[in-house]
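Undergrad: Input work_18.txt, format and content: compact mmCIF, C-alpha atoms and all ligand atoms.
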# COMPACT_ATOMS: atom_id res chain seq x y z
CA MET H 23 12.25 -1.97 48.00
CA GLY H 24 9.05 -4.05 48.04
CA ALA H 25 9.38 -7.78 48.49
CA GLY H 26 6.68 -8.62 45.95
CA ALA H 27 6.68 -10.28 42.55
CA ILE H 28 9.13 -9.43 39.79
CA PHE H 29 8.00 -8.75 36.21
CA LYS H 30 9.92 -10.64 33.51
CA GLY H 31 8.71 -8.97 30.27
CA GLU H 32 10.87 -6.96 27.87
CA PHE H 33 9.88 -3.30 27.48
CA THR H 34 11.77 -2.46 24.31
CA ARG H 35 11.06 -5.49 22.13
CA PRO H 36 8.89 -4.59 19.11
CA GLU H 37 6.25 -7.03 17.86
CA PRO H 38 7.23 -8.97 14.73
CA LEU H 39 5.60 -7.57 11.59
CA PRO H 40 2.43 -9.37 10.43
CA ALA H 41 2.89 -12.13 7.82
CA ALA H 42 1.12 -10.01 5.19
CA ALA H 43 3.74 -7.29 5.68
CA VAL H 44 6.63 -9.73 5.38
CA GLU H 45 5.13 -11.20 2.19
CA ALA H 46 4.54 -7.75 0.68
CA ALA H 47 8.13 -6.76 1.47
CA ALA H 48 9.43 -9.93 -0.18
CA ARG H 49 7.40 -9.17 -3.34
CA VAL H 50 8.84 -5.64 -3.53
CA MET H 51 12.41 -6.89 -3.02
CA ALA H 52 11.98 -9.60 -5.66
CA SER H 53 10.77 -6.95 -8.13
CA GLY H 54 13.74 -4.67 -7.50
CA ARG H 55 11.34 -1.71 -7.73
CA LEU H 56 12.12 -0.01 -4.44
CA HIS H 57 11.88 3.61 -5.58
CA ARG H 58 8.34 4.95 -5.50
CA TYR H 59 8.51 6.25 -9.07
CA THR H 60 9.84 3.00 -10.60
CA ALA H 61 6.75 1.13 -9.53
CA GLY H 62 3.59 1.08 -11.68
CA ALA H 63 0.67 1.16 -9.26
CA GLY H 64 3.06 1.47 -6.36
CA GLU H 65 2.90 0.63 -2.68
CA VAL H 66 3.64 4.23 -1.63
CA ALA H 67 0.85 5.64 -3.79
CA SER H 68 -1.56 3.03 -2.40
CA LEU H 69 -0.47 3.69 1.19
CA GLU H 70 -1.13 7.40 0.71
CA ARG H 71 -4.59 6.74 -0.71
CA GLU H 72 -5.46 4.29 2.09
CA PHE H 73 -4.13 6.45 4.91
CA ALA H 74 -5.93 9.56 3.61
CA ALA H 75 -9.17 7.54 3.56
CA SER H 76 -8.55 6.20 7.08
CA VAL H 77 -8.51 9.73 8.57
CA GLY H 78 -10.97 11.25 6.11
CA ALA H 79 -8.42 13.63 4.56
CA ARG H 80 -8.38 14.56 0.88
CA TYR H 81 -4.60 14.29 0.39
CA CYS H 82 -1.66 12.38 1.84
CA LEU H 83 2.09 12.31 1.24
CA ALA H 84 4.46 9.67 2.63
CA THR H 85 7.93 10.82 3.67
CA ALA H 86 11.28 9.54 4.92
CA SER H 87 10.57 10.26 8.62
CA GLY H 88 8.07 11.85 10.97
CA GLY H 89 10.41 14.72 11.69
CA TYR H 90 10.81 15.34 7.94
CA ALA H 91 7.00 15.35 7.57
CA LEU H 92 6.82 18.10 10.21
CA GLN H 93 9.40 20.31 8.53
CA LEU H 94 7.87 19.76 5.11
CA ALA H 95 4.43 20.72 6.41
CA LEU H 96 5.84 23.93 7.90
CA ARG H 97 7.65 24.83 4.68
CA ALA H 98 4.68 23.95 2.45
CA HIS H 99 2.48 26.08 4.69
CA GLY H 100 4.80 29.02 4.03
CA VAL H 101 6.79 29.23 7.27
CA ALA H 102 10.10 30.95 6.44
CA ALA H 103 13.46 31.51 8.09
CA GLY H 104 13.22 33.71 11.17
CA ASP H 105 9.48 33.17 11.69
CA PRO H 106 8.42 32.39 15.26
CA VAL H 107 6.46 29.10 15.52
CA LEU H 108 4.56 28.16 18.68
CA THR H 109 4.82 24.62 20.01
CA ASN H 110 4.39 22.63 23.22
CA ALA H 111 7.19 22.86 25.79
CA PHE H 112 6.42 19.22 26.61
CA THR H 113 7.26 17.38 23.38
CA LEU H 114 9.99 15.28 21.84
CA SER H 115 13.11 16.89 20.38
CA PRO H 116 12.21 16.30 16.66
CA VAL H 117 9.38 18.85 17.00
CA PRO H 118 11.48 21.93 17.85
CA GLY H 119 14.04 20.32 15.52
CA ALA H 120 11.60 20.47 12.60
CA ILE H 121 10.97 24.16 13.32
CA ALA H 122 14.73 24.77 13.40
CA ALA H 123 15.14 22.83 10.13
CA VAL H 124 13.18 25.50 8.25
CA GLY H 125 15.19 28.22 9.99
CA ALA H 126 12.21 29.24 12.12
CA VAL H 127 12.28 29.89 15.87
CA PRO H 128 10.45 27.63 18.35
CA VAL H 129 8.35 29.52 20.91
CA LEU H 130 7.51 27.12 23.71
CA VAL H 131 4.12 27.05 25.42
CA GLU H 132 3.45 25.76 28.95
CA THR H 133 1.95 22.37 29.76
CA THR H 134 -0.96 21.72 32.13
CA ARG H 135 -1.07 19.09 34.89
CA ASP H 136 -3.00 16.95 32.39
CA LEU H 137 -0.08 17.11 29.93
CA VAL H 138 -1.75 19.24 27.26
CA ILE H 139 -0.96 22.72 25.96
CA ASP H 140 -1.94 25.62 28.24
CA LEU H 141 -4.39 27.75 26.24
CA ASP H 142 -3.91 30.93 28.27
CA HIS H 143 -0.14 30.76 27.92
CA LEU H 144 -0.63 30.06 24.20
CA ALA H 145 -2.50 33.36 23.86
CA GLU H 146 0.22 35.18 25.81
CA ARG H 147 3.07 33.74 23.78
CA ALA H 148 1.23 34.31 20.48
CA ALA H 149 0.78 37.99 21.33
CA ALA H 150 4.35 38.43 22.57
CA SER H 151 6.03 36.63 19.65
CA GLY H 152 3.79 37.59 16.73
CA ALA H 153 3.72 33.92 15.64
CA ARG H 154 1.17 32.95 12.95
CA VAL H 155 1.44 29.17 13.34
CA LEU H 156 1.04 26.63 16.13
CA MET H 157 2.72 23.26 15.69
CA LEU H 158 0.65 21.33 18.23
CA SER H 159 2.25 18.18 19.61
CA HIS H 160 -0.18 15.58 20.95
CA MET H 161 2.70 14.46 23.14
CA ARG H 162 2.39 10.92 24.52
CA GLY H 163 -1.08 10.79 23.01
CA HIS H 164 -2.67 13.42 25.29
CA ILE H 165 -5.13 15.46 23.24
CA VAL H 166 -6.13 18.97 24.31
CA ASP H 167 -9.82 19.94 24.03
CA MET H 168 -9.71 20.50 20.26
CA ALA H 169 -12.97 22.47 20.13
CA ALA H 170 -11.66 24.90 22.75
CA LEU H 171 -8.28 25.08 21.00
CA SER H 172 -9.89 25.74 17.60
CA ALA H 173 -11.89 28.64 19.04
CA ARG H 174 -8.68 30.10 20.53
CA LEU H 175 -6.80 29.69 17.26
CA ASP H 176 -9.57 31.49 15.36
CA ALA H 177 -9.54 34.32 17.87
CA LEU H 178 -5.75 34.61 17.70
CA GLY H 179 -5.54 34.21 13.91
CA LEU H 180 -3.20 31.22 14.23
CA ALA H 181 -2.87 28.38 11.73
CA LEU H 182 -2.53 24.83 13.10
CA ILE H 183 -0.17 22.03 12.10
CA GLU H 184 -0.57 18.86 14.18
CA ASP H 185 2.20 16.54 15.30
CA CYS H 186 0.37 13.21 15.54
CA ALA H 187 3.40 10.99 16.16
CA HIS H 188 1.61 9.63 19.26
CA THR H 189 -1.99 9.82 18.05
CA MET H 190 -2.26 7.66 14.95
CA GLY H 191 -5.80 6.22 15.05
CA ALA H 192 -6.86 8.67 17.79
CA SER H 193 -9.53 11.37 17.66
CA TRP H 194 -11.17 14.15 19.64
CA GLY H 195 -14.87 13.27 19.56
CA ASP H 196 -15.47 11.86 16.08
CA ARG H 197 -12.77 13.88 14.34
CA PRO H 198 -9.34 12.24 13.91
CA THR H 199 -6.24 14.08 15.03
CA GLY H 200 -4.37 15.42 12.05
CA THR H 201 -7.54 16.81 10.44
CA TRP H 202 -8.14 19.85 12.67
CA GLY H 203 -5.82 22.33 10.99
CA ALA H 204 -3.84 23.04 7.85
CA ALA H 205 -1.99 19.71 8.00
CA GLY H 206 -1.39 16.69 10.24
CA CYS H 207 1.91 14.78 10.48
CA PHE H 208 2.43 11.18 11.56
CA SER H 209 5.47 8.98 12.21
CA THR H 210 5.87 5.33 11.22
CA GLN H 211 9.11 4.95 13.16
CA THR H 212 9.48 1.67 15.08
CA TYR H 213 8.43 3.08 18.47
CA LYS H 214 5.15 4.58 17.24
CA HIS H 215 1.84 2.91 16.32
CA VAL H 216 2.99 1.28 13.09
CA ASN H 217 6.49 0.17 12.24
CA SER H 218 8.51 0.70 9.07
CA GLY H 219 11.74 1.49 10.88
CA GLU H 220 11.55 5.11 9.73
CA GLY H 221 8.84 6.99 7.88
CA GLY H 222 6.25 9.74 8.03
CA LEU H 223 2.89 10.81 6.59
CA ILE H 224 1.33 14.24 5.99
CA VAL H 225 -2.42 14.67 5.53
CA THR H 226 -4.24 17.81 4.44
CA ASP H 227 -7.34 19.02 2.58
CA ASP H 228 -5.40 21.96 1.11
CA ALA H 229 -4.54 21.30 -2.57
CA ASP H 230 -1.89 24.03 -2.76
CA LEU H 231 -0.17 22.93 0.44
CA MET H 232 -0.09 19.32 -0.78
CA ALA H 233 1.20 20.31 -4.23
CA ARG H 234 4.05 22.23 -2.61
CA ALA H 235 4.78 19.34 -0.22
CA VAL H 236 4.91 16.80 -3.05
CA VAL H 237 7.39 18.88 -5.07
CA LEU H 238 9.46 19.68 -1.96
CA SER H 239 9.61 15.97 -1.05
CA GLY H 240 11.43 15.27 -4.33
CA SER H 241 8.79 14.23 -6.88
CA TYR H 242 11.00 14.81 -9.96
CA MET H 243 7.83 16.22 -11.53
CA LEU H 244 6.20 12.79 -11.46
CA PHE H 245 3.32 14.04 -9.33
CA ASP H 246 0.80 12.53 -11.76
CA ARG H 247 1.77 9.14 -10.26
CA HIS H 248 0.34 10.12 -6.89
CA GLU H 249 -3.10 8.83 -5.99
CA ALA H 250 -3.76 11.06 -2.96
CA ALA H 251 -2.51 14.39 -4.39
CA PRO H 252 -4.43 17.11 -6.27
CA ASP H 253 -4.53 16.99 -10.09
CA ALA H 254 -1.85 18.52 -12.30
CA SER H 255 -3.45 21.99 -12.42
CA ALA H 256 -2.65 22.48 -8.72
CA PHE H 257 1.06 22.06 -9.50
CA ALA H 258 1.46 24.94 -11.99
CA ASP H 259 3.19 27.24 -9.49
CA ALA H 260 4.53 24.64 -7.05
CA ALA H 261 6.50 22.88 -9.80
CA LEU H 262 8.41 26.09 -10.55
CA ASP H 263 8.56 27.68 -7.12
CA MET H 264 9.51 24.79 -4.85
CA PRO H 265 13.03 23.31 -4.51
CA ASN H 266 13.55 19.54 -4.38
CA MET H 267 14.42 18.61 -0.78
CA SER H 268 14.49 14.86 -1.24
CA GLY H 269 12.79 12.99 1.57
CA ARG H 270 10.56 10.40 -0.12
CA MET H 271 9.30 7.14 1.29
CA ASP H 272 10.34 3.97 -0.56
CA GLU H 273 8.24 1.02 -1.72
CA LEU H 274 9.59 -1.40 0.88
CA ARG H 275 8.44 0.68 3.82
CA ALA H 276 5.06 1.37 2.28
CA ALA H 277 4.62 -2.36 1.62
CA VAL H 278 5.14 -3.24 5.29
CA LEU H 279 2.94 -0.35 6.46
CA ARG H 280 -0.22 -1.06 4.45
CA PRO H 281 -1.24 -4.22 6.36
CA GLN H 282 -0.42 -2.49 9.65
CA ILE H 283 -2.58 0.54 8.81
CA ALA H 284 -5.42 -1.84 7.92
CA ALA H 285 -5.07 -3.54 11.34
CA LEU H 286 -4.56 -0.36 13.37
CA GLY H 287 -8.00 -0.61 14.99
CA GLN H 288 -7.21 -4.02 16.50
CA ALA H 289 -3.81 -2.87 17.73
CA ALA H 290 -5.38 0.23 19.27
CA ALA H 291 -7.87 -1.89 21.22
CA ARG H 292 -5.03 -4.05 22.59
CA TRP H 293 -2.97 -0.97 23.56
CA ASN H 294 -5.91 0.65 25.30
CA ALA H 295 -6.67 -2.56 27.21
CA LEU H 296 -3.10 -2.51 28.56
CA HIS H 297 -3.28 1.21 29.32
CA ASP H 298 -6.65 1.02 31.04
CA THR H 299 -5.58 -1.97 33.15
CA VAL H 300 -2.46 -0.19 34.43
CA ALA H 301 -4.49 3.01 34.93
CA GLU H 302 -7.16 1.19 36.97
CA THR H 303 -4.50 -0.38 39.17
CA LEU H 304 -2.77 2.97 39.70
CA ALA H 305 -6.03 4.81 40.39
CA ALA H 306 -6.13 3.06 43.76
CA SER H 307 -2.70 4.49 44.70
CA SER H 308 -2.61 7.73 46.66
CA ALA H 309 1.09 8.23 45.88
CA LEU H 310 0.61 8.60 42.11
CA ARG H 311 -1.71 10.75 40.03
CA LEU H 312 -2.93 10.04 36.49
CA PRO H 313 -3.59 12.89 34.05
CA HIS H 314 -7.32 13.43 33.55
CA ARG H 315 -8.57 12.15 30.18
CA PRO H 316 -11.93 13.64 29.07
CA ALA H 317 -14.55 11.35 27.49
CA ALA H 318 -14.13 13.08 24.11
CA GLU H 319 -10.46 12.07 24.00
CA ARG H 320 -10.30 8.82 21.99
CA TYR H 321 -6.69 7.97 22.63
CA VAL H 322 -4.52 5.15 21.32
CA ALA H 323 -2.20 4.62 24.26
CA SER H 324 1.10 3.00 23.41
CA SER H 325 2.48 4.36 26.67
CA ILE H 326 1.20 5.58 30.05
CA GLN H 327 2.14 8.62 32.15
CA PHE H 328 1.75 9.10 35.90
CA MET H 329 2.94 11.67 38.39
CA ALA H 330 4.26 12.02 41.90
CA GLU H 331 3.61 15.72 42.24
CA GLY H 332 6.10 17.59 44.38
CA ALA H 333 8.49 14.63 44.56
CA SER H 334 12.17 15.44 45.15
CA ALA H 335 14.69 14.47 42.47
CA GLU H 336 16.23 12.02 44.92
CA ALA H 337 12.88 10.28 45.55
CA ALA H 338 12.06 10.20 41.82
CA GLU H 339 15.37 8.51 41.05
CA ARG H 340 14.85 6.04 43.89
CA PHE H 341 11.39 5.19 42.51
CA VAL H 342 12.77 4.51 39.01
CA ALA H 343 15.49 2.27 40.49
CA ALA H 344 13.04 0.40 42.75
CA CYS H 345 10.74 -0.32 39.78
CA ALA H 346 13.72 -1.42 37.65
CA ALA H 347 14.77 -3.83 40.38
CA ARG H 348 11.36 -5.48 40.00
CA GLY H 349 11.59 -5.63 36.20
CA VAL H 350 9.47 -2.56 35.42
CA ALA H 351 11.23 -0.06 33.12
CA ILE H 352 9.98 3.48 33.60
CA LYS H 353 11.44 6.82 32.58
CA TRP H 354 11.47 10.09 34.50
CA PHE H 355 11.11 13.43 32.73
CA GLY H 356 12.78 15.44 35.47
CA SER H 357 16.43 14.49 35.22
CA ALA H 358 19.11 17.15 34.91
CA GLY H 359 20.62 15.81 31.67
CA PRO H 360 19.03 14.39 28.49
CA HIS H 361 18.39 10.63 28.53
CA GLY H 362 16.95 8.66 25.59
CA TYR H 363 13.46 9.76 24.65
CA THR H 364 12.94 11.97 27.72
CA SER H 365 14.94 14.97 26.60
CA ARG H 366 13.04 18.13 27.55
CA HIS H 367 13.17 21.83 26.80
CA ALA H 368 15.82 22.63 29.43
CA HIS H 369 18.19 20.28 27.58
CA TRP H 370 17.82 22.05 24.24
CA ARG H 371 20.69 24.48 24.72
CA TRP H 372 20.73 25.21 20.96
CA LEU H 373 17.31 26.80 21.38
CA GLY H 374 18.13 29.07 24.30
CA ALA H 375 16.39 29.07 27.67
CA GLN H 376 12.71 30.00 27.84
CA PRO H 377 11.09 30.43 31.27
CA LEU H 378 8.53 27.61 31.72
CA ALA H 379 8.01 27.25 35.45
CA LYS H 380 4.69 25.43 35.16
CA THR H 381 6.04 22.83 32.72
CA ASP H 382 9.16 22.35 34.84
CA ALA H 383 7.01 21.65 37.91
CA VAL H 384 4.95 19.09 35.96
CA LEU H 385 7.98 17.34 34.45
CA ALA H 386 9.78 17.16 37.82
CA GLY H 387 7.23 14.59 38.97
CA LEU H 388 6.36 12.95 35.65
CA PHE H 389 7.02 9.28 34.83
CA ASP H 390 6.52 7.46 31.57
CA MET H 391 6.21 3.79 30.67
CA ARG H 392 5.92 2.02 27.33
CA LEU H 393 3.15 -0.52 26.81
CA PRO H 394 4.53 -3.12 24.37
CA LEU H 395 1.88 -5.20 22.60
CA ALA H 396 3.83 -8.31 23.60
CA PHE H 397 2.31 -7.80 27.10
CA ASP H 398 -1.17 -9.01 28.09
CA THR H 399 -3.59 -7.61 30.67
CA ASP H 400 -2.28 -9.96 33.40
CA ASP H 401 1.15 -8.43 32.77
CA ALA H 402 -0.42 -4.97 32.93
CA ARG H 403 -2.05 -5.75 36.28
CA LEU H 404 1.23 -6.99 37.75
CA ILE H 405 3.09 -3.94 36.41
CA GLY H 406 0.46 -1.62 37.90
CA THR H 407 0.72 -3.37 41.26
CA ILE H 408 4.51 -3.07 41.29
CA LEU H 409 4.33 0.64 40.40
CA ALA H 410 1.74 1.30 43.11
CA GLU H 411 3.69 -0.64 45.77
CA GLU H 412 6.99 1.05 45.01
CA ALA H 413 5.37 4.49 44.79
CA GLU H 414 3.79 3.91 48.19
CA ALA H 415 7.14 2.85 49.66
CA VAL H 416 9.15 5.73 48.17
CA PHE H 417 6.80 8.71 48.12
CA ALA H 418 4.65 8.02 51.17
CA ARG H 419 7.86 7.59 53.25
CA ALA H 420 9.39 10.73 51.76
CA GLU H 421 6.30 12.63 52.82
CA VAL H 422 6.56 11.38 56.40
CA ALA H 423 10.26 12.24 56.48
CA GLY H 424 9.80 15.64 54.84
C1 LIG H 501 8.85 10.29 17.18
C2 LIG H 501 8.26 11.62 17.24
C3 LIG H 501 8.23 12.47 16.12
C4 LIG H 501 8.81 12.13 14.77
O1 LIG H 501 9.89 11.38 14.86
P1 LIG H 501 10.68 10.54 13.74
O2 LIG H 501 11.58 9.74 14.59
O3 LIG H 501 11.35 11.58 12.92
O4 LIG H 501 9.71 9.74 12.93
C5 LIG H 501 7.59 13.69 16.25
N1 LIG H 501 7.01 14.05 17.41
C6 LIG H 501 7.01 13.27 18.49
C7 LIG H 501 6.31 13.73 19.72
C8 LIG H 501 7.64 12.04 18.45
O5 LIG H 501 7.66 11.26 19.55
Output the file's structure as structure tokens, nothing else.
TA:
Amino acid sequence: MGAGAIFKGEFTRPEPLPAAAVEAAARVMASGRLHRYTAGAGEVASLEREFAASVGARYCLATASGGYALQLALRAHGVAAGDPVLTNAFTLSPVPGAIAAVGAVPVLVETTRDLVIDLDHLAERAAASGARVLMLSHMRGHIVDMAALSARLDALGLALIEDCAHTMGASWGDRPTGTWGAAGCFSTQTYKHVNSGEGGLIVTDDADLMARAVVLSGSYMLFDRHEAAPDASAFADAALDMPNMSGRMDELRAAVLRPQIAALGQAAARWNALHDTVAETLAASSALRLPHRPAAERYVASSIQFMAEGASAEAAERFVAACAARGVAIKWFGSAGPHGYTSRHAHWRWLGAQPLAKTDAVLAGLFDMRLPLAFDTDDARLIGTILAEEAEAVFARAEVAG
């Protein structure tokens, strides 16, 4: 273990909510109007209007969670029980979980060394499975070349639903994630870019898809109270054809989200300053590799990923422990069993094994670290130095020995 400085910050402490959010929450609680349809010009309706505008989408629906938004988008798009749905092998468990929730079957697609979906494997799996839909996960904020992906999807006749749980505020070129396909889904869960404890958002330009989603979410036929939904004529069929699968957002959560959405740009700049500082420090290390991020990828990095390619499990575990001993909490995606937020496809026994040798090789050497906004760039520099020193000590030595 290195003899250098120890970092004292706390990796899992969320920022307090802004004063405007606390005040808005207090107003909602004092009114007693916590259900979205008991409020006149409600917080949820306003949040939907404001979020739709922020990404340039026509329609938006707020939901009870990000995972619920994903399953609702699939169902509203017409995915039915037994349908195969393509998705990234490298993603978080709620994504295959959303596919399973509609009774569909996740078909996992390989991950590249830069942590994005492998387009050639996508074509292979689409042909082999007969899938009509890709649920693309921008996992840990890494965005695949969306122009290249769109061309592939057109050629393959695949519809796109985006999981933007890690890309709120991010875009490929000038076009925000969530607006490239049939629908985009976001999470407002505490460990994402805005914090309402739980919550989700769906955006789309498709009036029929949004009408179905609104009824499915449990609108009790009060869809005329939405401000970012199509007008009543779009609901003629949806109102009769769609079951109520209650999963609405409430006024309290929307109230705390609106000021955070308005300030997302500032938060994004702070996150990226932390990310870029750690990345610069790690770029000097020969023991770790950073995924390549093209200029068109306008990320909002609330975490950072780095790799020790070809590392043994024993060395990876030693690296995590050595960093922890110096106060730096990192996670490893290669462990045999599921831990916290690093569960990976091999742990999803319910889904059945799918051969993904390329993804397995990437995950075996992949590390992940949160970038809490409570940290500043001096913290980020110290963290980067500790990571580089410990990587040098563990992996360079392992190489000599091996
Ligand atoms: C968090 C997350 C979601 C949605 O999660 P909820 O906890 O249901 O809001 C979806 N995809 C990814 C990649 C996530 O990390």
Undergrad: Please check which protein, DNA or RNA residues sit within 9 Å of ligand LIG 501 (chain H), counting all atoms listed in the file, and write them as a JSON list (two decimals) with C-alpha atoms, in the frame of the given file.
TA:
[["chain", "number", "residue", "atom", "x", "y", "z"],
["H", 86, "ALA", "CA", 11.28, 9.54, 4.92],
["H", 87, "SER", "CA", 10.57, 10.26, 8.62],
["H", 88, "GLY", "CA", 8.07, 11.85, 10.97],
["H", 89, "GLY", "CA", 10.41, 14.72, 11.69],
["H", 90, "TYR", "CA", 10.81, 15.34, 7.94],
["H", 91, "ALA", "CA", 7.00, 15.35, 7.57],
["H", 92, "LEU", "CA", 6.82, 18.10, 10.21],
["H", 112, "PHE", "CA", 6.42, 19.22, 26.61],
["H", 113, "THR", "CA", 7.26, 17.38, 23.38],
["H", 114, "LEU", "CA", 9.99, 15.28, 21.84],
["H", 115, "SER", "CA", 13.11, 16.89, 20.38],
["H", 116, "PRO", "CA", 12.21, 16.30, 16.66],
["H", 117, "VAL", "CA", 9.38, 18.85, 17.00],
["H", 120, "ALA", "CA", 11.60, 20.47, 12.60],
["H", 159, "SER", "CA", 2.25, 18.18, 19.61],
["H", 160, "HIS", "CA", -0.18, 15.58, 20.95],
["H", 161, "MET", "CA", 2.70, 14.46, 23.14],
["H", 162, "ARG", "CA", 2.39, 10.92, 24.52],
["H", 163, "GLY", "CA", -1.08, 10.79, 23.01],
["H", 185, "ASP", "CA", 2.20, 16.54, 15.30],
["H", 186, "CYS", "CA", 0.37, 13.21, 15.54],
["H", 187, "ALA", "CA", 3.40, 10.99, 16.16],
["H", 188, "HIS", "CA", 1.61, 9.63, 19.26],
["H", 207, "CYS", "CA", 1.91, 14.78, 10.48],
["H", 208, "PHE", "CA", 2.43, 11.18, 11.56],
["H", 209, "SER", "CA", 5.47, 8.98, 12.21],
["H", 210, "THR", "CA", 5.87, 5.33, 11.22],
["H", 211, "GLN", "CA", 9.11, 4.95, 13.16],
["H", 212, "THR", "CA", 9.48, 1.67, 15.08],
["H", 213, "TYR", "CA", 8.43, 3.08, 18.47],
["H", 214, "LYS", "CA", 5.15, 4.58, 17.24],
["H", 219, "GLY", "CA", 11.74, 1.49, 10.88],
["H", 220, "GLU", "CA", 11.55, 5.11, 9.73],
["H", 221, "GLY", "CA", 8.84, 6.99, 7.88],
["H", 222, "GLY", "CA", 6.25, 9.74, 8.03],
["H", 363, "TYR", "CA", 13.46, 9.76, 24.65]]
Undergrad: Please give the centre and size of the box around region 137-156 of chain H (axis-aligned, containing every atom listed in the file, 5 Å added per side), with values in Å to one decimal and written as AutoDock Vina command-line options.
TA:
--center_x 0.8 --center_y 27.8 --center_z 21.4 --size_x 20.4 --size_y 31.3 --size_z 27.0
Undergrad: Would you please work out which residue, of H:Ala306, H:Leu274, H:Ile352, H:Ala258, is nearest to Thr34 (chain H) when using all atoms listed in the file?
TA: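 Comparing H:Ala306, H:Leu274, H:Ile352, H:Ala258 against Thr34 (chain H), the winner is H:Ile352.
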Undergrad: Give as a list in words every residue, naming chains and numbers as the document does, that has an atom within 8 Å of (5.0, -4.9, 22.1), counting all atoms listed in the file.
TA: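 Residues close enough to count: Phe33, Thr34, Arg35, Pro36, Glu37, Leu393, Pro394, Leu395, Ala396 and Phe397 of chain H.
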Undergrad: In terms of the shortest atom-to-atom distance over all atoms listed in the file, which of H:Ala111, H:Met157, H:Leu69, H:Ala344 is closest to Leu137 (chain H)?
TA: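 Using all atoms listed in the file, Leu137 (chain H) sits closest to H:Ala111.
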Undergrad: Near Ala413 (chain H), counting only C-alpha atoms, which residues have an atom at most 9 Å away, once you skip same-chain residues fewer than 3 positions from it, shown as an NGL selection string?
TA: :H and (307-310 or 330 or 341 or 344-345 or 408-410 or 416-418)
Undergrad: Rank nothing, just name the residue among H:Ala102, H:Leu141, H:Leu385, H:Leu279 nearest to Glu65 (chain H), using all atoms listed in the file.
TA: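 Among the listed residues, H:Leu279 lies closest to Glu65 (chain H).
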Undergrad: Counting only C-alpha atoms, which residue out of H:Arg280, H:Arg80, H:Arg71, H:Arg392 sits closest to Ala351 (chain H)?
TA: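 With only C-alpha atoms as the atom set, the closest residue is H:Arg392.
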Undergrad: Please indicate the distance in Å from CA of Ala317 (chain H) to CA of Ala333 (chain H), rounded to one decimal place.
TA: 28.9 Å
